[in-house]
$ cat data.cif   # mmCIF, C-alpha atoms and all ligand atoms
data_query
#
loop_
_atom_site.group_PDB
_atom_site.id
_atom_site.type_symbol
_atom_site.label_atom_id
_atom_site.label_comp_id
_atom_site.auth_asym_id
_atom_site.auth_seq_id
_atom_site.Cartn_x
_atom_site.Cartn_y
_atom_site.Cartn_z
ATOM 1 C CA MET A 1 36.085 -88.558 45.605
ATOM 2 C CA VAL A 2 35.524 -85.018 44.383
ATOM 3 C CA THR A 3 32.586 -83.733 42.343
ATOM 4 C CA THR A 4 33.434 -83.763 38.646
ATOM 5 C CA GLU A 5 29.962 -84.066 37.091
ATOM 6 C CA PRO A 6 29.453 -81.110 34.723
ATOM 7 C CA ALA A 7 25.804 -80.634 35.759
ATOM 8 C CA GLU A 8 26.755 -80.429 39.455
ATOM 9 C CA LEU A 9 29.653 -78.088 38.769
ATOM 10 C CA LEU A 10 27.358 -75.822 36.780
ATOM 11 C CA GLY A 11 24.965 -75.795 39.752
ATOM 12 C CA ILE A 12 27.812 -74.714 42.053
ATOM 13 C CA TRP A 13 28.858 -72.004 39.622
ATOM 14 C CA GLU A 14 25.301 -70.701 39.340
ATOM 15 C CA ALA A 15 24.840 -70.581 43.132
ATOM 16 C CA GLY A 16 28.163 -68.791 43.640
ATOM 17 C CA LEU A 17 27.655 -66.230 40.876
ATOM 18 C CA ALA A 18 25.112 -64.331 42.910
ATOM 19 C CA GLN A 19 26.739 -64.869 46.310
ATOM 20 C CA ARG A 20 30.448 -64.260 46.413
ATOM 21 C CA THR A 21 30.643 -64.925 50.171
ATOM 22 C CA ILE A 22 29.625 -68.581 49.884
ATOM 23 C CA ARG A 23 32.001 -69.486 47.040
ATOM 24 C CA ALA A 24 34.596 -71.006 49.377
ATOM 25 C CA LEU A 25 31.970 -73.226 50.997
ATOM 26 C CA LEU A 26 30.456 -74.232 47.634
ATOM 27 C CA LEU A 27 33.859 -75.235 46.285
ATOM 28 C CA HIS A 28 34.694 -77.054 49.495
ATOM 29 C CA ARG A 29 31.452 -79.061 49.169
ATOM 30 C CA ALA A 30 32.568 -80.122 45.700
ATOM 31 C CA ALA A 31 35.960 -81.131 47.096
ATOM 32 C CA ARG A 32 34.410 -83.213 49.916
ATOM 33 C CA PRO A 33 30.870 -84.130 48.895
ATOM 34 C CA VAL A 34 30.333 -86.543 51.801
ATOM 35 C CA PHE A 35 30.901 -83.895 54.499
ATOM 36 C CA SER A 36 28.144 -81.740 55.992
ATOM 37 C CA ASP A 37 28.646 -77.958 56.034
ATOM 38 C CA ASP A 38 29.409 -78.059 59.767
ATOM 39 C CA GLU A 39 32.015 -80.750 59.225
ATOM 40 C CA LEU A 40 33.607 -78.681 56.463
ATOM 41 C CA ARG A 41 33.699 -75.607 58.709
ATOM 42 C CA SER A 42 35.412 -77.568 61.472
ATOM 43 C CA LEU A 43 38.430 -78.367 59.274
ATOM 44 C CA PRO A 44 41.656 -76.380 59.651
ATOM 45 C CA VAL A 45 42.021 -73.395 57.338
ATOM 46 C CA GLY A 46 45.005 -74.900 55.505
ATOM 47 C CA GLY A 47 43.115 -78.173 55.208
ATOM 48 C CA ARG A 48 40.469 -76.393 53.185
ATOM 49 C CA ALA A 49 43.154 -74.924 50.917
ATOM 50 C CA ALA A 50 44.607 -78.431 50.468
ATOM 51 C CA ASP A 51 41.136 -79.802 49.632
ATOM 52 C CA LEU A 52 40.494 -77.039 47.096
ATOM 53 C CA LEU A 53 43.867 -77.585 45.448
ATOM 54 C CA ALA A 54 43.102 -81.315 45.191
ATOM 55 C CA LEU A 55 39.790 -80.439 43.511
ATOM 56 C CA ARG A 56 41.633 -78.046 41.231
ATOM 57 C CA ARG A 57 44.043 -80.827 40.177
ATOM 58 C CA GLU A 58 41.173 -83.156 39.443
ATOM 59 C CA LEU A 59 39.264 -80.617 37.356
ATOM 60 C CA PHE A 60 41.940 -78.586 35.611
ATOM 61 C CA GLY A 61 45.265 -80.414 36.025
ATOM 62 C CA GLU A 62 48.559 -79.964 37.851
ATOM 63 C CA ARG A 63 49.736 -76.686 36.334
ATOM 64 C CA MET A 64 48.176 -73.428 37.412
ATOM 65 C CA GLN A 65 49.012 -70.146 35.738
ATOM 66 C CA VAL A 66 49.621 -67.223 38.064
ATOM 67 C CA VAL A 67 50.114 -63.565 37.197
ATOM 68 C CA VAL A 68 51.964 -61.270 39.595
ATOM 69 C CA GLU A 69 52.879 -57.632 39.117
ATOM 70 C CA CYS A 70 56.412 -56.728 40.247
ATOM 71 C CA SER A 71 56.399 -54.359 43.232
ATOM 72 C CA GLY A 72 59.658 -52.773 41.993
ATOM 73 C CA CYS A 73 59.049 -52.005 38.314
ATOM 74 C CA ASN A 74 55.413 -53.071 37.673
ATOM 75 C CA GLU A 75 56.545 -55.699 35.171
ATOM 76 C CA VAL A 76 53.799 -58.307 34.776
ATOM 77 C CA MET A 77 55.189 -61.773 35.478
ATOM 78 C CA GLU A 78 53.403 -64.920 34.363
ATOM 79 C CA PHE A 79 54.456 -68.335 35.514
ATOM 80 C CA ASP A 80 53.176 -71.857 36.067
ATOM 81 C CA LEU A 81 52.717 -73.297 39.539
ATOM 82 C CA ASP A 82 52.821 -76.990 40.262
ATOM 83 C CA VAL A 83 49.592 -77.477 42.246
ATOM 84 C CA ALA A 84 50.751 -80.829 43.634
ATOM 85 C CA ARG A 85 53.548 -79.100 45.558
ATOM 86 C CA LEU A 86 51.273 -76.654 47.357
ATOM 87 C CA GLY A 87 48.851 -77.140 50.178
ATOM 88 C CA ALA A 88 49.733 -80.124 52.337
ATOM 89 C CA TRP A 89 47.137 -81.216 54.879
ATOM 90 C CA PRO A 90 48.288 -80.319 58.432
ATOM 91 C CA GLU A 91 49.512 -83.333 60.391
ATOM 92 C CA GLN A 92 49.143 -81.906 63.864
ATOM 93 C CA HIS A 93 45.990 -80.100 65.024
ATOM 94 C CA GLU A 94 46.709 -79.728 68.759
ATOM 95 C CA LEU A 95 49.609 -77.532 69.767
ATOM 96 C CA GLN A 96 51.304 -76.365 72.953
ATOM 97 C CA VAL A 97 53.384 -73.395 74.025
ATOM 98 C CA SER A 98 55.461 -73.510 77.180
ATOM 99 C CA GLU A 99 57.246 -70.248 77.883
ATOM 100 C CA ASP A 100 58.090 -68.090 80.939
ATOM 101 C CA GLY A 101 55.906 -70.181 83.228
ATOM 102 C CA TYR A 102 52.950 -69.999 80.818
ATOM 103 C CA LEU A 103 51.557 -73.252 79.490
ATOM 104 C CA VAL A 104 48.987 -72.925 76.707
ATOM 105 C CA GLU A 105 47.262 -75.722 74.884
ATOM 106 C CA PHE A 106 45.520 -74.684 71.712
ATOM 107 C CA ARG A 107 44.378 -75.988 68.355
ATOM 108 C CA LEU A 108 44.729 -74.868 64.770
ATOM 109 C CA PRO A 109 42.166 -72.287 63.612
ATOM 110 C CA THR A 110 39.322 -73.795 61.632
ATOM 111 C CA VAL A 111 37.211 -72.212 58.920
ATOM 112 C CA ALA A 112 34.461 -71.584 61.528
ATOM 113 C CA ASP A 113 36.975 -69.869 63.849
ATOM 114 C CA LEU A 114 37.991 -67.508 61.057
ATOM 115 C CA GLU A 115 34.360 -66.698 60.314
ATOM 116 C CA VAL A 116 33.740 -65.794 63.953
ATOM 117 C CA ALA A 117 36.974 -63.779 64.134
ATOM 118 C CA ALA A 118 36.155 -61.912 60.904
ATOM 119 C CA ALA A 119 33.024 -60.478 62.555
ATOM 120 C CA GLY A 120 35.232 -58.549 65.015
ATOM 121 C CA GLU A 121 35.255 -54.790 64.598
ATOM 122 C CA THR A 122 38.944 -54.047 65.074
ATOM 123 C CA ALA A 123 42.123 -56.021 64.377
ATOM 124 C CA ALA A 124 42.664 -56.480 68.144
ATOM 125 C CA ASP A 125 39.088 -57.700 68.581
ATOM 126 C CA ARG A 126 39.466 -60.172 65.711
ATOM 127 C CA ARG A 127 42.712 -61.511 67.188
ATOM 128 C CA LEU A 128 41.138 -61.933 70.626
ATOM 129 C CA ARG A 129 38.122 -63.756 69.187
ATOM 130 C CA LEU A 130 40.442 -66.181 67.398
ATOM 131 C CA LEU A 131 42.540 -66.641 70.542
ATOM 132 C CA ARG A 132 39.435 -67.408 72.641
ATOM 133 C CA ARG A 133 38.118 -69.928 70.120
ATOM 134 C CA CYS A 134 41.397 -71.787 69.701
ATOM 135 C CA THR A 135 42.751 -71.828 73.257
ATOM 136 C CA VAL A 136 41.942 -75.113 74.969
ATOM 137 C CA SER A 137 43.611 -74.253 78.288
ATOM 138 C CA ALA A 138 45.990 -71.605 79.617
ATOM 139 C CA VAL A 139 47.805 -71.694 82.956
ATOM 140 C CA ARG A 140 50.568 -69.695 84.611
ATOM 141 C CA GLU A 141 52.591 -71.361 87.332
ATOM 142 C CA GLY A 142 49.767 -73.887 87.623
ATOM 143 C CA GLU A 143 47.024 -71.213 87.923
ATOM 144 C CA PRO A 144 44.387 -71.073 85.149
ATOM 145 C CA LEU A 145 44.052 -67.736 83.393
ATOM 146 C CA GLY A 146 41.914 -66.180 80.647
ATOM 147 C CA CYS A 147 43.560 -65.956 77.255
ATOM 148 C CA GLU A 148 43.255 -62.151 77.165
ATOM 149 C CA ALA A 149 45.841 -62.222 80.002
ATOM 150 C CA LEU A 150 48.404 -63.963 77.811
ATOM 151 C CA PRO A 151 51.329 -61.627 77.085
ATOM 152 C CA GLU A 152 52.107 -60.503 73.559
ATOM 153 C CA HIS A 153 55.192 -62.714 73.120
ATOM 154 C CA VAL A 154 53.274 -65.855 74.134
ATOM 155 C CA GLN A 155 50.495 -64.998 71.674
ATOM 156 C CA ARG A 156 53.080 -64.399 68.971
ATOM 157 C CA ARG A 157 54.683 -67.773 69.673
ATOM 158 C CA MET A 158 51.258 -69.425 69.365
ATOM 159 C CA ALA A 159 50.730 -67.762 65.982
ATOM 160 C CA GLU A 160 54.166 -68.916 64.786
ATOM 161 C CA LEU A 161 53.516 -72.509 65.800
ATOM 162 C CA ALA A 162 50.082 -72.498 64.166
ATOM 163 C CA GLU A 163 51.582 -71.105 60.968
ATOM 164 C CA ARG A 164 54.277 -73.759 60.913
ATOM 165 C CA ALA A 165 51.806 -76.586 61.621
ATOM 166 C CA ASP A 166 49.378 -75.428 58.936
ATOM 167 C CA PRO A 167 51.456 -73.752 56.218
ATOM 168 C CA ALA A 168 48.689 -73.959 53.606
ATOM 169 C CA ALA A 169 46.534 -71.618 55.726
ATOM 170 C CA ASP A 170 48.504 -68.739 54.231
ATOM 171 C CA LEU A 171 50.118 -69.573 50.893
ATOM 172 C CA THR A 172 52.488 -66.782 50.002
ATOM 173 C CA LEU A 173 54.686 -66.954 46.942
ATOM 174 C CA SER A 174 57.860 -64.968 46.691
ATOM 175 C CA VAL A 175 58.443 -64.011 43.091
ATOM 176 C CA SER A 176 61.734 -62.598 41.808
ATOM 177 C CA CYS A 177 61.470 -60.196 38.902
ATOM 178 C CA PRO A 178 63.658 -61.087 35.882
ATOM 179 C CA GLU A 179 63.813 -57.379 34.916
ATOM 180 C CA CYS A 180 64.792 -55.590 38.139
ATOM 181 C CA GLY A 181 65.482 -58.421 40.590
ATOM 182 C CA ALA A 182 62.954 -57.175 43.168
ATOM 183 C CA SER A 183 61.193 -59.851 45.178
ATOM 184 C CA THR A 184 57.401 -59.546 45.370
ATOM 185 C CA PRO A 185 55.534 -61.487 48.044
ATOM 186 C CA SER A 186 52.188 -62.570 46.695
ATOM 187 C CA ALA A 187 49.402 -64.269 48.640
ATOM 188 C CA LEU A 188 47.866 -67.096 46.655
ATOM 189 C CA ASP A 189 44.097 -66.715 46.780
ATOM 190 C CA VAL A 190 43.092 -70.358 46.298
ATOM 191 C CA VAL A 191 39.333 -69.697 46.365
ATOM 192 C CA GLY A 192 39.627 -66.750 43.969
ATOM 193 C CA CYS A 193 41.859 -68.646 41.510
ATOM 194 C CA LEU A 194 39.703 -71.772 41.489
ATOM 195 C CA TRP A 195 36.542 -69.703 41.166
ATOM 196 C CA ALA A 196 37.944 -67.812 38.160
ATOM 197 C CA GLU A 197 38.783 -71.105 36.467
ATOM 198 C CA LEU A 198 35.386 -72.599 37.215
ATOM 199 C CA ASP A 199 33.741 -69.454 35.872
ATOM 200 C CA SER A 200 35.586 -69.610 32.582
ATOM 201 C CA TRP A 201 34.963 -73.389 32.286
ATOM 202 C CA ALA A 202 31.220 -72.899 32.959
ATOM 203 C CA ARG A 203 30.881 -70.187 30.297
ATOM 204 C CA ASP A 204 32.652 -72.425 27.748
ATOM 205 C CA VAL A 205 30.353 -75.350 28.597
ATOM 206 C CA LEU A 206 27.236 -73.209 28.244
ATOM 207 C CA LEU A 207 28.449 -72.031 24.845
ATOM 208 C CA ASP A 208 28.950 -75.682 23.807
ATOM 209 C CA VAL A 209 25.424 -76.490 24.983
ATOM 210 C CA HIS A 210 24.078 -73.556 23.028
ATOM 211 C CA LEU A 211 25.872 -74.581 19.820
ATOM 212 C CA LEU A 212 24.963 -78.269 20.034
ATOM 213 C CA ALA A 213 21.378 -77.609 21.125
ATOM 214 C CA SER A 214 20.974 -75.275 18.138
ATOM 215 C CA ALA A 215 22.549 -77.713 15.693
ATOM 216 C CA TYR A 216 21.033 -81.017 16.849
ATOM 217 C CA GLY A 217 18.069 -80.054 19.001
ATOM 218 C CA TRP A 218 19.608 -81.787 22.046
ATOM 219 C CA SER A 219 18.668 -80.743 25.590
ATOM 220 C CA GLU A 220 21.178 -79.425 28.124
ATOM 221 C CA PRO A 221 21.328 -82.748 30.060
ATOM 222 C CA GLN A 222 21.931 -84.608 26.800
ATOM 223 C CA VAL A 223 24.810 -82.327 25.826
ATOM 224 C CA LEU A 224 26.330 -82.474 29.335
ATOM 225 C CA ALA A 225 26.131 -86.288 29.272
ATOM 226 C CA LEU A 226 28.557 -86.379 26.325
ATOM 227 C CA SER A 227 32.214 -86.951 27.165
ATOM 228 C CA PRO A 228 34.380 -83.864 26.516
ATOM 229 C CA LEU A 229 35.944 -85.708 23.578
ATOM 230 C CA ARG A 230 32.639 -86.423 21.860
ATOM 231 C CA ARG A 231 31.386 -82.917 22.556
ATOM 232 C CA ARG A 232 34.517 -81.511 20.933
ATOM 233 C CA TYR A 233 34.057 -83.816 17.928
ATOM 234 C CA TYR A 234 30.446 -82.786 17.340
ATOM 235 C CA LEU A 235 31.416 -79.128 17.679
ATOM 236 C CA GLU A 236 34.052 -79.606 14.979
ATOM 237 C CA LEU A 237 31.448 -81.185 12.724
ATOM 238 C CA CYS A 238 29.144 -78.198 13.312
ATOM 239 C CA ALA A 239 31.966 -75.800 12.465
ATOM 240 C CA ASP A 240 32.745 -77.708 9.248
ATOM 241 C CA ALA A 241 29.149 -77.848 8.133
HETATM 242 ZN ZN ZN A 301 60.653 -55.752 38.542
#
$ encode --input "data.cif" --output "structure tokens" --more "lines below"
Ligand SMILES: [Zn+2]
Amino acid sequence: MVTTEPAELLGIWEAGLAQRTIRALLLHRAARPVFSDDELRSLPVGGRAADLLALRRELFGERMQVVVECSGCNEVMEFDLDVARLGAWPEQHELQVSEDGYLVEFRLPTVADLEVAAAGETAADRRLRLLRRCTVSAVREGEPLGCEALPEHVQRRMAELAERADPAADLTLSVSCPECGASTPSALDVVGCLWAELDSWARDVLLDVHLLASAYGWSEPQVLALSPLRRRYYLELCADA
């Protein structure tokens, strides 16, 4: 069950307006209201994307409009995405690499892992933080070793496996331009897209409240308690009057 109550959604929007950095968490709470914040942070990164896309479907439907600018000719391309086809929940969370005598057991990065990694100062530091968090055990020829001792190609293999196991962690669309044929890779920012839609929905709802409160003297909770259909109907009557 996701949060669909207008009053609660408005509360989320209000909290996230001031604090951009907590928008992902706020939206994730709405997608899984029974989970604590720690439980939400312990979910795989692609799992959160899948949750947010499920919330998006529930609130705004299956079709999502995306705008991408062509990297070849700057043509602006608009198209509809089918939300249901994006963002599957990862099936496997524990993974293993066995290569050149190295045996590494590791798990998919979670939201909390990414937060810790993001605090690193350099790209190498961020990668090492993520590696430390996600490595369960690493041995070479039966001898345990620290994950900073894992060679580049083993680390790369780990990243490939994690990407394959959790494809929704990094949703990249490849868009072909109808004008010049160039292909533009475009990362789908699920949090940003959903936030923009929530923002525009919230501003519309507040305008409805304003119009109906002015016309009928109703309070905000009374207006929000109306079904969208009835709200629309009363607004039409106000416009006709
Ligand atoms: Zn183009």
$ residues_near_point --input "data.cif" --point "(33.3, -83.5, 20.2)" --cutoff "12 Å" --atoms "all atoms listed in the file" --output "ChimeraX atom specification"
/A:208-209,211-212,223-239
$ atom_distance --input "data.cif" --atom1 "CA of Arg133 (chain A)" --atom2 "CA of Arg164 (chain A)"
19.0 Å
$ resolve_selection --input "data.cif" --expression "the PyMOL selection byres (((not hetatm)) within 7 of (chain A and resi 301))" --output "PyMOL selection string"
chain A and resi 70-75+177-182
$ resolve_selection --input "data.cif" --expression "the PyMOL selection byres (((chain A and resi 80) around 9) and not hetatm)" --output "PyMOL selection string"
chain A and resi 63-67+78-79+81-82
$ closest_residue --input "data.cif" --among "A:Thr110, A:Ser214, A:Gln96, A:Thr4" --to "Ser137 (chain A)" --atoms "all atoms listed in the file"
A:Gln96
$ residues_around --input "data.cif" --residues "Gly16 (chain A)" --least-positions-apart "5" --cutoff "12 Å" --atoms "only C-alpha atoms" --output "CSV table (one decimal) with C-alpha atoms, in the coordinates of the input"
chain,number,residue,atom,x,y,z
A,9,LEU,CA,29.7,-78.1,38.8
A,10,LEU,CA,27.4,-75.8,36.8
A,11,GLY,CA,25.0,-75.8,39.8
A,21,THR,CA,30.6,-64.9,50.2
A,22,ILE,CA,29.6,-68.6,49.9
A,23,ARG,CA,32.0,-69.5,47.0
A,24,ALA,CA,34.6,-71.0,49.4
A,25,LEU,CA,32.0,-73.2,51.0
A,26,LEU,CA,30.5,-74.2,47.6
A,27,LEU,CA,33.9,-75.2,46.3
A,191,VAL,CA,39.3,-69.7,46.4
A,192,GLY,CA,39.6,-66.8,44.0
A,195,TRP,CA,36.5,-69.7,41.2
A,196,ALA,CA,37.9,-67.8,38.2
A,198,LEU,CA,35.4,-72.6,37.2
A,199,ASP,CA,33.7,-69.5,35.9
A,202,ALA,CA,31.2,-72.9,33.0
$ atom_distance --input "data.cif" --atom1 "CA of Leu188 (chain A)" --atom2 "CA of Glu69 (chain A)"
13.1 Å
$ atom_distance --input "data.cif" --atom1 "CA of Val190 (chain A)" --atom2 "CA of Val68 (chain A)"
14.4 Å
$ resolve_selection --input "data.cif" --expression "the PyMOL selection byres (((chain A and resi 169-175) around 6) and not hetatm)" --output "ChimeraX atom specification"
/A:45-46,166-168,176,183-188
$ closest_residue --input "data.cif" --among "A:Cys134, A:Leu194, A:Leu150, A:Thr122" --to "Asp51 (chain A)" --atoms "all atoms listed in the file"
A:Leu194
$ closest_residue --input "data.cif" --among "A:Met77, A:Ala49, A:Leu130, A:Leu86" --to "Ala112 (chain A)" --atoms "only C-alpha atoms"
A:Leu130
$ closest_residue --input "data.cif" --among "A:His28, A:Arg140, A:Arg107, A:Arg41" --to "Ala159 (chain A)" --atoms "all atoms listed in the file"
A:Arg107
$ residues_around --input "data.cif" --residues "Arg48 (chain A)" --least-positions-apart "4" --cutoff "8 Å" --atoms "all atoms listed in the file" --output "ChimeraX atom specification"
/A:28,40,43-44,52,111
$ closest_residue --input "data.cif" --among "A:Asp125, A:Pro151, A:Leu59, A:Val83" --to "Leu103 (chain A)" --atoms "all atoms listed in the file"
A:Pro151
$ residues_around --input "data.cif" --residues "region 152-158 of chain A" --least-positions-apart "6" --cutoff "9 Å" --atoms "all atoms listed in the file" --output "short mmCIF file (atom, residue, chain, number, x, y, z; two decimals) with C-alpha atoms, keeping the file's coordinate frame"
data_model
loop_
_atom_site.label_atom_id
_atom_site.label_comp_id
_atom_site.auth_asym_id
_atom_site.auth_seq_id
_atom_site.Cartn_x
_atom_site.Cartn_y
_atom_site.Cartn_z
CA LEU A 95 49.61 -77.53 69.77
CA GLN A 96 51.30 -76.36 72.95
CA VAL A 97 53.38 -73.40 74.03
CA SER A 98 55.46 -73.51 77.18
CA GLU A 99 57.25 -70.25 77.88
CA ASP A 100 58.09 -68.09 80.94
CA TYR A 102 52.95 -70.00 80.82
CA VAL A 104 48.99 -72.92 76.71
CA PHE A 106 45.52 -74.68 71.71
CA LEU A 131 42.54 -66.64 70.54
#
$ closest_residue --input "data.cif" --among "A:Glu58, A:Glu39, A:Glu121, A:Glu160" --to "Met1 (chain A)" --atoms "all atoms listed in the file"
A:Glu58
$ axis_aligned_box --input "data.cif" --around "region 47-65 of chain A" --padding-each-side "3 Å" --output "lines of an AutoDock Vina configuration file"
center_x = 44.5
center_y = -76.7
center_z = 45.4
size_x = 16.5
size_y = 19.0
size_z = 25.6
$ decode --input "data.cif" --residues "region 181-194 of chain A" --atoms "N, CA and C atoms" --output "PDB file, in the first residue's frame"
ATOM      1  N   GLY A 181      19.871  11.132 -36.194  1.00  0.00           N
ATOM      2  CA  GLY A 181      20.211   9.732 -35.978  1.00  0.00           C
ATOM      3  C   GLY A 181      21.156   9.483 -34.818  1.00  0.00           C
ATOM      4  N   ALA A 182      21.693  10.543 -34.195  1.00  0.00           N
ATOM      5  CA  ALA A 182      22.615  10.358 -33.077  1.00  0.00           C
ATOM      6  C   ALA A 182      21.899   9.693 -31.904  1.00  0.00           C
ATOM      7  N   SER A 183      22.647   8.904 -31.150  1.00  0.00           N
ATOM      8  CA  SER A 183      22.072   8.233 -29.997  1.00  0.00           C
ATOM      9  C   SER A 183      22.543   8.949 -28.731  1.00  0.00           C
ATOM     10  N   THR A 184      21.604   9.376 -27.903  1.00  0.00           N
ATOM     11  CA  THR A 184      21.941  10.119 -26.690  1.00  0.00           C
ATOM     12  C   THR A 184      21.627   9.277 -25.465  1.00  0.00           C
ATOM     13  N   PRO A 185      22.665   8.895 -24.701  1.00  0.00           N
ATOM     14  CA  PRO A 185      22.363   8.184 -23.452  1.00  0.00           C
ATOM     15  C   PRO A 185      21.864   9.183 -22.421  1.00  0.00           C
ATOM     16  N   SER A 186      20.816   8.815 -21.715  1.00  0.00           N
ATOM     17  CA  SER A 186      20.231   9.754 -20.772  1.00  0.00           C
ATOM     18  C   SER A 186      19.865   9.028 -19.486  1.00  0.00           C
ATOM     19  N   ALA A 187      20.471   9.456 -18.377  1.00  0.00           N
ATOM     20  CA  ALA A 187      20.166   8.819 -17.091  1.00  0.00           C
ATOM     21  C   ALA A 187      18.787   9.282 -16.639  1.00  0.00           C
ATOM     22  N   LEU A 188      17.962   8.340 -16.243  1.00  0.00           N
ATOM     23  CA  LEU A 188      16.627   8.685 -15.768  1.00  0.00           C
ATOM     24  C   LEU A 188      16.706   8.975 -14.268  1.00  0.00           C
ATOM     25  N   ASP A 189      16.451  10.225 -13.924  1.00  0.00           N
ATOM     26  CA  ASP A 189      16.501  10.649 -12.530  1.00  0.00           C
ATOM     27  C   ASP A 189      15.106  10.430 -11.923  1.00  0.00           C
ATOM     28  N   VAL A 190      14.918   9.260 -11.313  1.00  0.00           N
ATOM     29  CA  VAL A 190      13.581   8.876 -10.844  1.00  0.00           C
ATOM     30  C   VAL A 190      13.098   9.834  -9.753  1.00  0.00           C
ATOM     31  N   VAL A 191      13.988  10.152  -8.804  1.00  0.00           N
ATOM     32  CA  VAL A 191      13.602  11.062  -7.714  1.00  0.00           C
ATOM     33  C   VAL A 191      13.237  12.436  -8.283  1.00  0.00           C
ATOM     34  N   GLY A 192      14.095  12.951  -9.163  1.00  0.00           N
ATOM     35  CA  GLY A 192      13.861  14.275  -9.743  1.00  0.00           C
ATOM     36  C   GLY A 192      12.556  14.333 -10.540  1.00  0.00           C
ATOM     37  N   CYS A 193      12.300  13.301 -11.350  1.00  0.00           N
ATOM     38  CA  CYS A 193      11.071  13.274 -12.159  1.00  0.00           C
ATOM     39  C   CYS A 193       9.840  13.226 -11.271  1.00  0.00           C
ATOM     40  N   LEU A 194       9.863  12.309 -10.292  1.00  0.00           N
ATOM     41  CA  LEU A 194       8.690  12.144  -9.425  1.00  0.00           C
ATOM     42  C   LEU A 194       8.470  13.405  -8.591  1.00  0.00           C
TER      43      LEU A 194
END
